[in-house]
Each structure stands twice: as C-alpha cells, then as structure tokens.
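K.L.:
There's a structure below that I have some questions on.
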Amino acid sequence: SVENLITVPSVEIANLYASSFLFYRKGLKQSRKYKRVWSERWFALHGGSLTWFKTEHTKIKGAIEYSQMIIGQDSEVSKTALVNEPRRPNCFDVVSLLQDSQDLRVQATSPTERKQWIYFTSSGIEFERRAFMIHRN
C-alpha cells in the first residue's frame, strides 16, 4: 500500500513502470483555466515520460518527459499538487515546463491511487534532475 511505500532505489526509477485508466483534462498555460470536458485515457509512466493513450493498446495520444514537467504549481511536490476539484475527487496537476504546451489535470480513482501516481511521477522527475546534474558536472 502507499502508506507503506519505501524509497524506490534510483537504479529502479529509470525502469519504473506504472499504468492505469485515469480521467484528465487539458488546461491553458496562461490562465490556468481547464476545459470542461474530461476524457478517460490509459496513462503510463515509463522510459522517462508520462504518456497517455486512448486505450491500453492504441497509439500514443500525448506525452510529457519527466525533464519537462512538474507535479503541482511549483518545482517541489507539495500540497499544490493536490487539487480541490468540485465533483471530481482525487485530482492532481501535471504542469508542463514547455512554453507552448498545455497542463493536465488528472483524476485518480482513489486517494491511494492519487498518492501512488504523485509519488512515482515525482520520483521519476527527481531522478531525471539528478541525472542531468551529474551529467552536467
């Protein structure tokens, strides 16, 4: 269970894989206003990115690399990642760092699943940042 999660060793984060159906909607970067329409997609964390598909066995509909996103509204995972969405519990934001791209508001099916997605995505982001700093030095 998420409550008993241990830290994932960095060698395993590069190969981390998580997937499930989640609801999401896209948001406009400038105003942080999100579209009203929610869509269900198959999301996967793998190979250094968050990727989504229409269904589990279809072509990629979109992706954001770990190095190009944050969870929440600042560079640290914090309470800003957890979103109070009317009539939609268990939401969190995936914020793209690219200028012309859209942010995502994602809804998990339970508080536990939301914690798992935030934890694994944040771990992948942190791993990418450390790898970049090591490579840079």
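Labels for the structure tokens follow display order: chains A, B, ..., residues from 1 in each chain, ligands from 1.
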Please identify all polymer residues within 12 Å of Ser67 (chain A), counting only C-alpha atoms, omitting same-chain residues fewer than 3 positions from it, and present them as a ChimeraX atom specification.
P.N.:
/A:47-50,63-64,70-71,75,95-98,121-133
K.L.:
Write the residues you've just listed into a file as an mmCIF file, in the first residue's frame, and include C-alpha atoms for each of them.
P.N.:
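Output below, filename selection13.cif:
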data_model
loop_
_atom_site.group_PDB
_atom_site.id
_atom_site.type_symbol
_atom_site.label_atom_id
_atom_site.label_comp_id
_atom_site.auth_asym_id
_atom_site.auth_seq_id
_atom_site.Cartn_x
_atom_site.Cartn_y
_atom_site.Cartn_z
ATOM 1 C CA GLY A 47 11.059 5.415 -20.159
ATOM 2 C CA GLY A 48 11.371 8.871 -18.644
ATOM 3 C CA SER A 49 7.914 10.197 -19.500
ATOM 4 C CA LEU A 50 4.234 10.302 -18.648
ATOM 5 C CA ALA A 63 3.410 12.535 -23.626
ATOM 6 C CA ILE A 64 5.428 14.759 -21.342
ATOM 7 C CA ILE A 70 6.486 19.245 -12.504
ATOM 8 C CA ILE A 71 3.707 17.991 -10.278
ATOM 9 C CA SER A 75 9.158 22.981 -8.516
ATOM 10 C CA VAL A 95 2.420 21.147 -15.179
ATOM 11 C CA SER A 96 4.420 21.297 -18.394
ATOM 12 C CA LEU A 97 7.548 23.461 -18.388
ATOM 13 C CA LEU A 98 7.327 23.975 -22.156
ATOM 14 C CA THR A 121 5.932 10.647 -11.118
ATOM 15 C CA SER A 122 7.790 12.805 -8.602
ATOM 16 C CA SER A 123 10.410 10.080 -8.141
ATOM 17 C CA GLY A 124 10.936 9.951 -11.912
ATOM 18 C CA ILE A 125 11.240 13.747 -12.119
ATOM 19 C CA GLU A 126 13.769 13.812 -9.272
ATOM 20 C CA PHE A 127 15.785 11.012 -10.877
ATOM 21 C CA GLU A 128 15.919 12.935 -14.184
ATOM 22 C CA ARG A 129 17.084 16.106 -12.417
ATOM 23 C CA ARG A 130 19.835 14.264 -10.552
ATOM 24 C CA ALA A 131 20.977 12.506 -13.732
ATOM 25 C CA PHE A 132 21.089 15.864 -15.540
ATOM 26 C CA MET A 133 23.155 17.478 -12.755
#
K.L.:
For Ala18 (chain A), find every residue with an atom within 10 Å (counting only C-alpha atoms), except residues of its own chain fewer than 3 positions away, and show them as an mmCIF file with C-alpha atoms, in the first residue's frame.
P.N.:
data_model
loop_
_atom_site.group_PDB
_atom_site.id
_atom_site.type_symbol
_atom_site.label_atom_id
_atom_site.label_comp_id
_atom_site.auth_asym_id
_atom_site.auth_seq_id
_atom_site.Cartn_x
_atom_site.Cartn_y
_atom_site.Cartn_z
ATOM 1 C CA PHE A 43 -1.772 6.627 -18.645
ATOM 2 C CA ALA A 44 1.673 5.074 -18.320
ATOM 3 C CA LEU A 45 4.901 6.114 -16.630
ATOM 4 C CA HIS A 46 7.806 4.553 -18.462
ATOM 5 C CA LEU A 50 4.234 10.302 -18.648
ATOM 6 C CA GLN A 116 0.888 6.454 -5.978
ATOM 7 C CA TRP A 117 0.826 8.488 -9.200
ATOM 8 C CA PHE A 120 6.076 7.628 -8.797
ATOM 9 C CA THR A 121 5.932 10.647 -11.118
#
K.L.:
Determine, for each residue of region 47-122 of chain A having at least one atom at most 6 Å from an atom of region 20-23 of chain A, the closest pair of atoms and their separation in Å to one decimal, counting only C-alpha atoms; order by chain and ascending number, as CSV.
P.N.:
residue,atom,partner,partner_atom,distance
A:Val106,CA,A:Phe23,CA,5.8
A:Gln107,CA,A:Phe23,CA,5.1
A:Ala108,CA,A:Leu22,CA,5.5
K.L.:
Can those selected residues be exported to a file as a PDB file, in the first residue's frame so that it contains N, CA, C and O atoms?
P.N.:
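As written to disk, part-v1.pdb reads:
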ATOM      1  N   VAL A 106      -5.401  15.715 -13.687  1.00  0.00           N
ATOM      2  CA  VAL A 106      -5.619  14.277 -13.751  1.00  0.00           C
ATOM      3  C   VAL A 106      -6.406  13.830 -12.528  1.00  0.00           C
ATOM      4  O   VAL A 106      -6.165  14.302 -11.420  1.00  0.00           O
ATOM      5  N   GLN A 107      -7.346  12.906 -12.749  1.00  0.00           N
ATOM      6  CA  GLN A 107      -8.147  12.373 -11.655  1.00  0.00           C
ATOM      7  C   GLN A 107      -7.871  10.886 -11.491  1.00  0.00           C
ATOM      8  O   GLN A 107      -8.082  10.097 -12.419  1.00  0.00           O
ATOM      9  N   ALA A 108      -7.418  10.506 -10.312  1.00  0.00           N
ATOM     10  CA  ALA A 108      -7.240   9.096  -9.974  1.00  0.00           C
ATOM     11  C   ALA A 108      -8.559   8.545  -9.444  1.00  0.00           C
ATOM     12  O   ALA A 108      -9.477   9.301  -9.126  1.00  0.00           O
TER      13      ALA A 108
END
K.L.:
Identify, on the basis of only C-alpha atoms, every residue whose closest approach to Ile60 (chain A) does not exceed 10 Å; exclude the query and any residue fewer than 5 positions from it along the same chain; express the result as a list in words.
P.N.:
Trp42, Phe43, Thr51, Trp52, Phe53, Lys54 and Thr55 of chain A
K.L.:
Measuring atom to atom with only C-alpha atoms, identify which of A:Thr58, A:Ser19, A:Gln68, A:Ser39 is nearest to Arg105 (chain A).
P.N.:
A:Ser39
K.L.:
In Å, rounded to a single decimal, give me how far CA of Gly72 (chain A) is from CA of Asp100 (chain A).
P.N.:
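Taking CA of Asp100 (chain A) as the start and CA of Gly72 (chain A) as the end point, the length is 18.0 Å.
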K.L.:
Would you compute the distance between CA of Ile118 (chain A) and CA of Phe92 (chain A)? Give it in Å to one decimal.
P.N.:
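Separation of CA of Ile118 (chain A) and CA of Phe92 (chain A): 7.8 Å.
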K.L.:
For Tyr24 (chain A), which of A:Met69, A:Lys61, A:Cys91, A:Ser110 is the closest residue, counting only C-alpha atoms?
P.N.:
A:Cys91
